[in-house]
Every structure is written in structure tokens, then in C-alpha cells.
>>> print(open('my_file.txt').read())   # compact mmCIF, C-alpha atoms
# COMPACT_ATOMS: atom_id res chain seq x y z
CA MET A 1 139.96 121.92 50.51
CA GLY A 2 137.65 124.25 52.42
CA VAL A 3 135.06 122.83 54.73
CA ILE A 4 132.34 125.19 53.41
CA THR A 5 131.49 125.64 49.74
CA THR A 6 130.13 129.15 49.21
CA GLY A 7 126.91 129.75 47.36
CA GLN A 8 128.52 132.12 44.88
CA THR A 9 131.85 132.43 43.14
CA PHE A 10 133.25 135.32 41.08
CA SER A 11 135.16 135.14 37.85
CA SER A 12 137.48 137.82 36.64
CA GLY A 13 135.46 140.80 35.49
CA ASP A 14 132.16 139.72 37.15
CA GLN A 15 130.01 142.45 38.52
CA VAL A 16 129.64 142.49 42.29
CA THR A 17 126.03 142.78 43.34
CA SER A 18 124.24 142.62 46.66
CA THR A 19 122.45 139.43 45.58
CA LYS A 20 125.69 137.66 44.80
CA LEU A 21 127.21 138.77 48.05
CA ASN A 22 124.21 137.46 49.99
CA ASP A 23 124.33 134.16 48.09
CA ILE A 24 127.90 133.57 49.20
CA ALA A 25 126.52 132.84 52.71
CA ASN A 26 122.90 131.97 52.12
CA LEU A 27 123.61 129.22 49.59
CA ALA A 28 126.71 127.90 51.26
CA THR A 29 126.99 124.15 51.97
CA PHE A 30 129.38 121.91 53.78
CA THR A 31 131.73 120.03 51.55
CA SER A 32 131.79 116.27 51.56
CA ALA A 33 135.50 116.17 52.05
CA ALA A 34 136.91 113.62 54.44
CA ASP A 35 138.03 116.31 56.86
CA THR A 36 134.50 117.78 57.12
CA THR A 37 133.18 115.01 59.40
CA ASP A 38 134.51 111.83 60.93
CA ASN A 39 131.39 110.00 59.65
CA SER A 40 131.21 108.38 63.06
CA THR A 41 130.09 111.14 65.38
CA LEU A 42 129.14 113.77 62.75
CA THR A 43 127.93 113.24 59.23
CA LEU A 44 126.21 115.12 56.38
CA SER A 45 122.50 114.91 55.72
CA ALA A 46 121.12 114.37 52.24
CA SER A 47 120.73 118.13 51.94
CA GLY A 48 124.33 118.75 52.90
CA LYS A 49 123.75 119.81 56.49
CA LEU A 50 125.81 118.65 59.42
CA LYS A 51 124.04 116.27 61.81
CA VAL A 52 124.91 113.89 64.61
CA LYS A 53 125.27 110.42 63.19
CA ASP A 54 122.89 107.76 64.50
CA ASN A 55 124.40 106.17 67.64
CA GLY A 56 127.26 108.64 67.26
CA ILE A 57 127.36 109.87 70.87
CA GLY A 58 129.51 107.75 73.16
CA SER A 59 131.31 108.06 76.47
CA THR A 60 134.15 109.91 74.76
CA GLN A 61 131.78 112.72 73.78
CA LEU A 62 130.10 112.97 77.21
CA ALA A 63 131.68 114.69 80.18
CA SER A 64 133.01 112.22 82.71
CA ASP A 65 131.83 114.24 85.71
CA ALA A 66 128.03 113.84 85.60
CA SER A 67 127.55 115.82 88.79
CA ILE A 68 128.52 119.13 87.25
CA ASP A 69 125.70 121.03 85.51
CA ALA A 70 128.20 122.64 83.14
CA ASN A 71 128.94 119.15 81.85
CA ARG A 72 125.26 118.67 81.09
CA ALA A 73 124.44 116.32 83.94
CA VAL A 74 121.15 114.45 83.41
CA GLU A 75 118.55 115.81 85.82
CA THR A 76 115.06 114.64 86.82
CA ASN A 77 113.27 117.10 84.57
CA HIS A 78 115.26 115.84 81.58
CA ILE A 79 113.81 112.32 81.83
CA LYS A 80 110.43 111.82 80.19
CA ASP A 81 107.70 110.10 82.17
CA ALA A 82 107.69 106.26 81.96
CA GLN A 83 111.07 106.19 80.25
CA VAL A 84 112.84 104.50 83.17
CA THR A 85 111.79 100.95 82.39
CA LEU A 86 112.33 97.58 84.04
CA PRO A 87 114.98 96.48 81.51
CA LYS A 88 116.98 99.59 82.41
CA LEU A 89 116.95 98.50 86.07
CA ALA A 90 117.70 94.87 85.31
CA THR A 91 121.31 95.11 86.44
CA LEU A 92 120.27 94.98 90.11
CA SER A 93 121.76 92.12 92.07
CA ASN A 94 119.63 89.01 92.43
CA LEU A 95 116.84 89.28 95.05
CA ASN A 96 117.06 93.06 95.33
CA VAL A 97 114.58 95.84 94.61
CA VAL A 98 114.90 99.63 94.54
CA GLY A 99 113.50 101.29 97.63
CA ASN A 100 114.04 103.48 100.66
CA VAL A 101 114.11 101.81 104.07
CA SER A 102 116.03 104.56 105.88
CA GLY A 103 113.02 105.71 107.89
CA SER A 104 113.24 109.19 106.42
CA THR A 105 113.66 110.97 103.09
CA ALA A 106 116.68 109.56 101.28
CA SER A 107 117.92 108.46 97.91
CA PRO A 108 116.64 105.00 96.92
CA THR A 109 118.99 102.08 97.31
CA ALA A 110 118.96 98.36 96.62
CA VAL A 111 116.75 96.61 99.19
CA GLU A 112 117.41 92.92 99.81
CA ILE A 113 114.69 90.28 99.47
CA LYS A 114 115.29 87.36 101.84
CA ASP A 115 114.01 83.84 101.24
CA GLU A 116 114.22 82.55 104.82
CA ASN A 117 111.55 80.17 106.04
CA ASP A 118 112.48 80.80 109.68
CA MET A 119 113.16 84.57 109.22
CA VAL A 120 116.18 84.11 111.46
CA SER A 121 117.84 87.31 110.20
CA ASP A 122 115.15 89.43 111.89
CA SER A 123 116.09 92.30 109.55
CA ALA A 124 114.44 95.70 109.92
CA THR A 125 115.11 96.60 106.28
CA ALA A 126 114.91 93.42 104.17
CA LEU A 127 111.78 92.18 102.44
CA ALA A 128 110.54 88.56 102.52
CA THR A 129 109.50 86.30 99.67
CA GLN A 130 105.97 84.95 99.45
CA ARG A 131 107.30 81.44 100.00
CA SER A 132 109.16 82.33 103.20
CA ILE A 133 106.12 84.17 104.61
CA LYS A 134 103.89 81.17 103.88
CA ALA A 135 106.36 78.75 105.46
CA TYR A 136 106.90 80.90 108.56
CA VAL A 137 103.19 81.50 109.18
CA GLY A 138 102.46 77.82 108.60
CA THR A 139 105.04 76.86 111.22
CA GLN A 140 103.60 79.31 113.75
CA VAL A 141 100.03 78.11 113.17
CA ALA A 142 101.13 74.49 113.55
CA SER A 143 102.85 75.41 116.82
CA VAL A 144 99.71 77.06 118.17
CA THR A 145 97.55 74.12 117.08
CA THR A 146 99.69 71.66 119.06
CA ASN A 147 99.02 73.74 122.20
CA ILE A 148 95.29 73.08 122.04
CA TYR A 149 93.52 69.75 122.55
CA LYS A 150 89.87 69.24 121.62
CA SER A 151 88.17 65.90 122.14
CA SER A 152 85.66 64.29 119.87
CA GLU A 153 82.00 64.47 120.92
CA THR A 154 81.24 62.02 123.73
CA ASN A 155 77.90 60.65 124.91
CA ILE A 156 76.71 61.73 128.34
CA PRO A 157 76.86 58.75 130.68
CA ALA A 158 73.51 57.74 132.14
CA THR A 159 74.98 56.54 135.44
CA ASN A 160 77.98 57.42 137.58
CA THR A 161 80.91 56.91 135.22
CA THR A 162 84.48 58.18 134.96
CA LEU A 163 85.31 59.58 131.52
CA GLU A 164 88.92 60.06 130.38
CA TRP A 165 90.39 61.55 127.21
CA THR A 166 94.04 61.13 126.21
CA HIS A 167 95.56 64.40 125.04
CA SER A 168 98.90 65.04 123.29
CA LEU A 169 99.93 68.32 124.89
CA GLY A 170 103.08 66.87 126.45
CA GLN A 171 102.34 68.39 129.87
CA THR A 172 99.49 69.04 132.25
CA PRO A 173 97.23 71.62 130.57
CA ASP A 174 97.28 75.14 131.96
CA HIS A 175 93.52 75.29 131.50
CA ILE A 176 90.81 72.69 130.92
CA LYS A 177 87.24 73.14 129.80
CA LEU A 178 84.18 70.90 129.59
CA SER A 179 81.23 71.88 127.42
CA LEU A 180 77.84 70.54 126.47
CA ILE A 181 76.99 70.72 122.75
CA CYS A 182 73.31 70.76 121.82
CA LYS A 183 72.53 68.11 119.20
CA THR A 184 68.72 68.25 119.37
CA ALA A 185 67.01 71.51 120.26
CA GLU A 186 65.38 71.75 123.69
CA PHE A 187 64.66 74.28 126.45
CA GLY A 188 65.23 77.17 124.04
CA TYR A 189 68.70 75.98 122.95
CA ALA A 190 69.41 75.45 119.24
CA VAL A 191 71.51 72.74 117.62
CA GLY A 192 75.17 73.73 117.91
CA ASP A 193 74.76 75.85 121.03
CA GLU A 194 77.57 75.26 123.53
CA ILE A 195 77.31 75.55 127.34
CA ASP A 196 80.47 75.84 129.45
CA PHE A 197 80.18 73.31 132.30
CA THR A 198 83.78 73.44 133.55
CA SER A 199 82.95 74.50 137.11
CA MET A 200 79.17 74.38 137.18
CA TYR A 201 77.52 72.64 140.10
CA THR A 202 75.01 69.89 139.27
CA TYR A 203 72.29 71.57 141.30
CA ASN A 204 70.62 69.31 143.88
CA VAL A 205 71.37 65.97 142.29
CA GLY A 206 75.06 65.56 143.14
CA VAL A 207 78.56 66.91 142.49
CA GLN A 208 81.13 66.66 139.72
CA THR A 209 84.92 66.75 139.43
CA PHE A 210 87.07 67.63 136.45
CA TRP A 211 90.84 67.06 136.37
CA ALA A 212 93.90 66.67 134.14
CA ASN A 213 97.47 65.40 134.17
CA SER A 214 100.31 65.20 131.63
CA THR A 215 98.50 62.59 129.50
CA LYS A 216 94.78 62.65 130.28
CA ILE A 217 91.79 64.84 131.00
CA GLY A 218 89.15 63.25 133.23
CA TYR A 219 85.60 63.86 134.38
CA ARG A 220 83.36 62.20 136.94
CA SER A 221 80.00 63.13 138.41
CA TYR A 222 78.21 61.77 141.44
CA VAL A 223 74.43 61.82 141.15
CA ALA A 224 71.55 59.87 142.54
CA ALA A 225 70.84 56.61 140.75
CA GLY A 226 68.82 57.10 137.62
CA THR A 227 69.23 60.88 137.66
CA ASN A 228 70.55 62.75 134.64
CA VAL A 229 73.97 64.30 135.19
CA PHE A 230 73.62 67.87 133.96
CA ASN A 231 71.22 70.60 135.01
CA ILE A 232 70.88 73.81 133.06
CA ALA A 233 68.86 77.01 133.19
CA LYS A 234 66.22 77.20 130.51
CA ARG A 235 67.08 79.68 127.78
CA ASP A 236 63.48 80.45 126.85
CA VAL A 237 62.02 80.72 130.39
CA VAL A 238 63.27 82.89 133.22
CA ASN A 239 64.34 81.31 136.53
CA GLN A 240 63.79 77.65 135.69
CA VAL A 241 66.37 74.85 136.01
CA VAL A 242 65.92 71.56 134.21
CA GLN A 243 67.84 68.35 133.66
CA VAL A 244 69.13 68.00 130.11
CA THR A 245 67.98 65.05 128.04
CA ASN A 246 71.16 63.00 127.71
CA ALA A 247 70.44 61.91 124.14
CA ASN A 248 70.05 65.55 123.04
CA TRP A 249 73.52 66.66 124.13
CA LYS A 250 77.18 65.64 123.77
CA ILE A 251 80.26 66.35 125.90
CA ILE A 252 83.42 68.03 124.50
CA VAL A 253 86.56 68.72 126.57
CA ARG A 254 89.43 71.02 125.71
CA GLY A 255 92.94 71.47 127.11
CA PHE A 256 95.17 74.53 126.63
CA VAL A 257 98.90 75.08 127.13
CA PHE A 258 99.92 78.76 127.37
>>> encode(input="my_file.txt", output="C-alpha cells")
Amino acid sequence: MGVITTGQTFSSGDQVTSTKLNDIANLATFTSAADTTDNSTLTLSASGKLKVKDNGIGSTQLASDASIDANRAVETNHIKDAQVTLPKLATLSNLNVVGNVSGSTASPTAVEIKDENDMVSDSATALATQRSIKAYVGTQVASVTTNIYKSSETNIPATNTTLEWTHSLGQTPDHIKLSLICKTAEFGYAVGDEIDFTSMYTYNVGVQTFWANSTKIGYRSYVAAGTNVFNIAKRDVVNQVVQVTNANWKIIVRGFVF
């Protein structure tokens, strides 16, 4: 049986006209014979026209060499915007993303995501998870914190007294600092103001010493009996030195290991 059924047939004795000749082609249809289509790749439409069957294109019908244009390789301009979706990329290995970490223009590749709290790999190309970043930064902050000692606020002694604070630095501090913290405003200083007294001389009322070892930080002043320990320059008046009111200030010491 023929694949095409013509749009016109002639019987013996029929007159041949131009219309009938044209109808042979113009009204022709594909037959529904089994050898017309495989009904898998090609099929007939309701109007008798050949069409590709739904889901009829498979790997057998596509060229195996996708790099050759003659084989209809898929190119960038043949992909509609937003049609490359996450589900289509879901076959990436676990903890990998698509990216370019070559340092120059290159085709994207799978980039590894590492979940290492200590970041021991020290990779120049891998990414880090939020959890590993948080853990690593937390460890570094904790390490820095242990290298700094800050005492609680201590009352200023009214008479000659040795003060000692036990630190936990594990060694003699590389630097020590003694400060006065204003608790009640006076002499132009506001509550919370801090004055560094680490190496300041006590003016004409005596001397002071400030020391540290592997376990303690110490302070001692020598002043005349009944004299306040610390002398400061007024903040609100030029060129005037006064003795602080002990009850209005507190002592804080700090130790640092570098």
C-alpha cells in the first residue's frame, strides 16, 4: 500500500482537467498504514498529517557527537532564559556547587563545599559551610579572649596597701595596665571616663609601683599618711592638679599576652 493517498483518482474514460491534476497533490494525505509511521517516533495527526509523537525523540534519534554543529549541538542561544533550573542541576555530588575558581575566565566546574570546623584543608578553591565558619571564628575569638585579663572594679585604698589580682594568662603578661574608672563625676570627668595610670607619677605625695608575674598582677603606692593615692589633672580647668576623691573612682587592671 502506498504511503500517500492522492487527492484525486481517475476512472477509465474520465476527463483529465487541470483541477483534477492539481487535486492529486493538493488533497493528498498520508495513509494510516502500519508502514507509514512507527507510532513511536512519528505518528499521524487527527487531520492526517505527519508529526513527531509526544516524547518520541530519544537518544537513538539524536546525534551522539554533541560537539559537532552539523549534528545539531545544543548551543547557548538555543536555551531559553530561566530554563536551566535547580532540579536539572540536582545530579551534582553532595556538598558541591557550580562555579569558577580558576582565577580567570573558564568553564564552570563543580566547586566543593567543606564542613571543617578547624579549616585544616586551607583550600584556595573550596567554600565553607555556615556552621564551619561559625565554629572556626568562635574558636579564634575564644583564643583571643584567653589572652586578655581584666579585673573587677576595686576600691582605692585609703592608706598604703598592696593590691594583688590573680590572673589566668598562664604566663607573665607582656603588658599590664592600671586605670581609674570614674564612678561619680568630678573635676570635669563624667561617669565611665577612664584614666590610664600605668606609669603615672603620684605628684608630690609619694611614688607607686606596678608589677606582674605568671599568676598575679600587683600594685602598691607609697604616700604620706592620710593622703589620697592618685593625683590627676583637672579636665575642666587648665594647669591644675588635684587629688581624686577615693569614693568617686575605682581601680581596674588589665594584663595582655601577645
>>> closest_residue(input="my_file.txt", among="A:Lys177, A:Thr215, A:Val97, A:Ser104", to="Ala128 in chain A", atoms="all atoms listed in the file")
A:Val97
>>> atom_distance(input="my_file.txt", atom1="CA of Gln171 in chain A", atom2="CA of Lys150 in chain A")
15.0 Å
>>> closest_residue(input="my_file.txt", among="A:Thr184, A:Thr76, A:Thr6, A:Asn147", to="His167 in chain A", atoms="only C-alpha atoms")
A:Asn147
>>> residues_around(input="my_file.txt", residues="range 134-142 of chain A", least_positions_apart="4", cutoff="10 Å", atoms="only C-alpha atoms", output="mmCIF file with C-alpha atoms, in the coordinates of the input")
data_model
loop_
_atom_site.group_PDB
_atom_site.id
_atom_site.type_symbol
_atom_site.label_atom_id
_atom_site.label_comp_id
_atom_site.auth_asym_id
_atom_site.auth_seq_id
_atom_site.Cartn_x
_atom_site.Cartn_y
_atom_site.Cartn_z
ATOM 1 C CA GLU A 116 114.220 82.550 104.820
ATOM 2 C CA ASN A 117 111.550 80.170 106.040
ATOM 3 C CA ASP A 118 112.480 80.800 109.680
ATOM 4 C CA MET A 119 113.160 84.570 109.220
ATOM 5 C CA THR A 129 109.500 86.300 99.670
ATOM 6 C CA GLN A 130 105.970 84.950 99.450
ATOM 7 C CA THR A 146 99.690 71.660 119.060
ATOM 8 C CA ASN A 147 99.020 73.740 122.200
#
>>> residues_around(input="my_file.txt", residues="range 247-255 of chain A", least_positions_apart="4", cutoff="10 Å", atoms="only C-alpha atoms", output="PyMOL selection string")
chain A and resi 147-158+164-165+167-169+172-186+191-198+210+212+216-219+230
>>> atom_distance(input="my_file.txt", atom1="CA of Gly56 in chain A", atom2="CA of Ile4 in chain A")
22.2 Å
>>> atom_distance(input="my_file.txt", atom1="CA of Ile133 in chain A", atom2="CA of Ala110 in chain A")
20.7 Å
>>> residues_around(input="my_file.txt", residues="Val242 in chain A", least_positions_apart="4", cutoff="7 Å", atoms="all atoms listed in the file", output="ChimeraX atom specification")
/A:231-234
>>> write_last_selection(input="my_file.txt", atoms="C-alpha atoms", output="short mmCIF file (atom, residue, chain, number, x, y, z; two decimals), keeping the file's coordinate frame")
data_model
loop_
_atom_site.label_atom_id
_atom_site.label_comp_id
_atom_site.auth_asym_id
_atom_site.auth_seq_id
_atom_site.Cartn_x
_atom_site.Cartn_y
_atom_site.Cartn_z
CA ASN A 231 71.22 70.60 135.01
CA ILE A 232 70.88 73.81 133.06
CA ALA A 233 68.86 77.01 133.19
CA LYS A 234 66.22 77.20 130.51
#
>>> closest_residue(input="my_file.txt", among="A:Leu44, A:Val101, A:Val229, A:Leu92", to="Thr159 in chain A", atoms="all atoms listed in the file")
A:Val229
>>> residues_around(input="my_file.txt", residues="Ser221 in chain A", least_positions_apart="4", cutoff="7 Å", atoms="all atoms listed in the file", output="MDAnalysis selection string")
chainID A and resid 160 207:209 229
>>> closest_residue(input="my_file.txt", among="A:Leu89, A:Gly13, A:Ser40, A:Asp81", to="Val52 in chain A", atoms="only C-alpha atoms")
A:Ser40
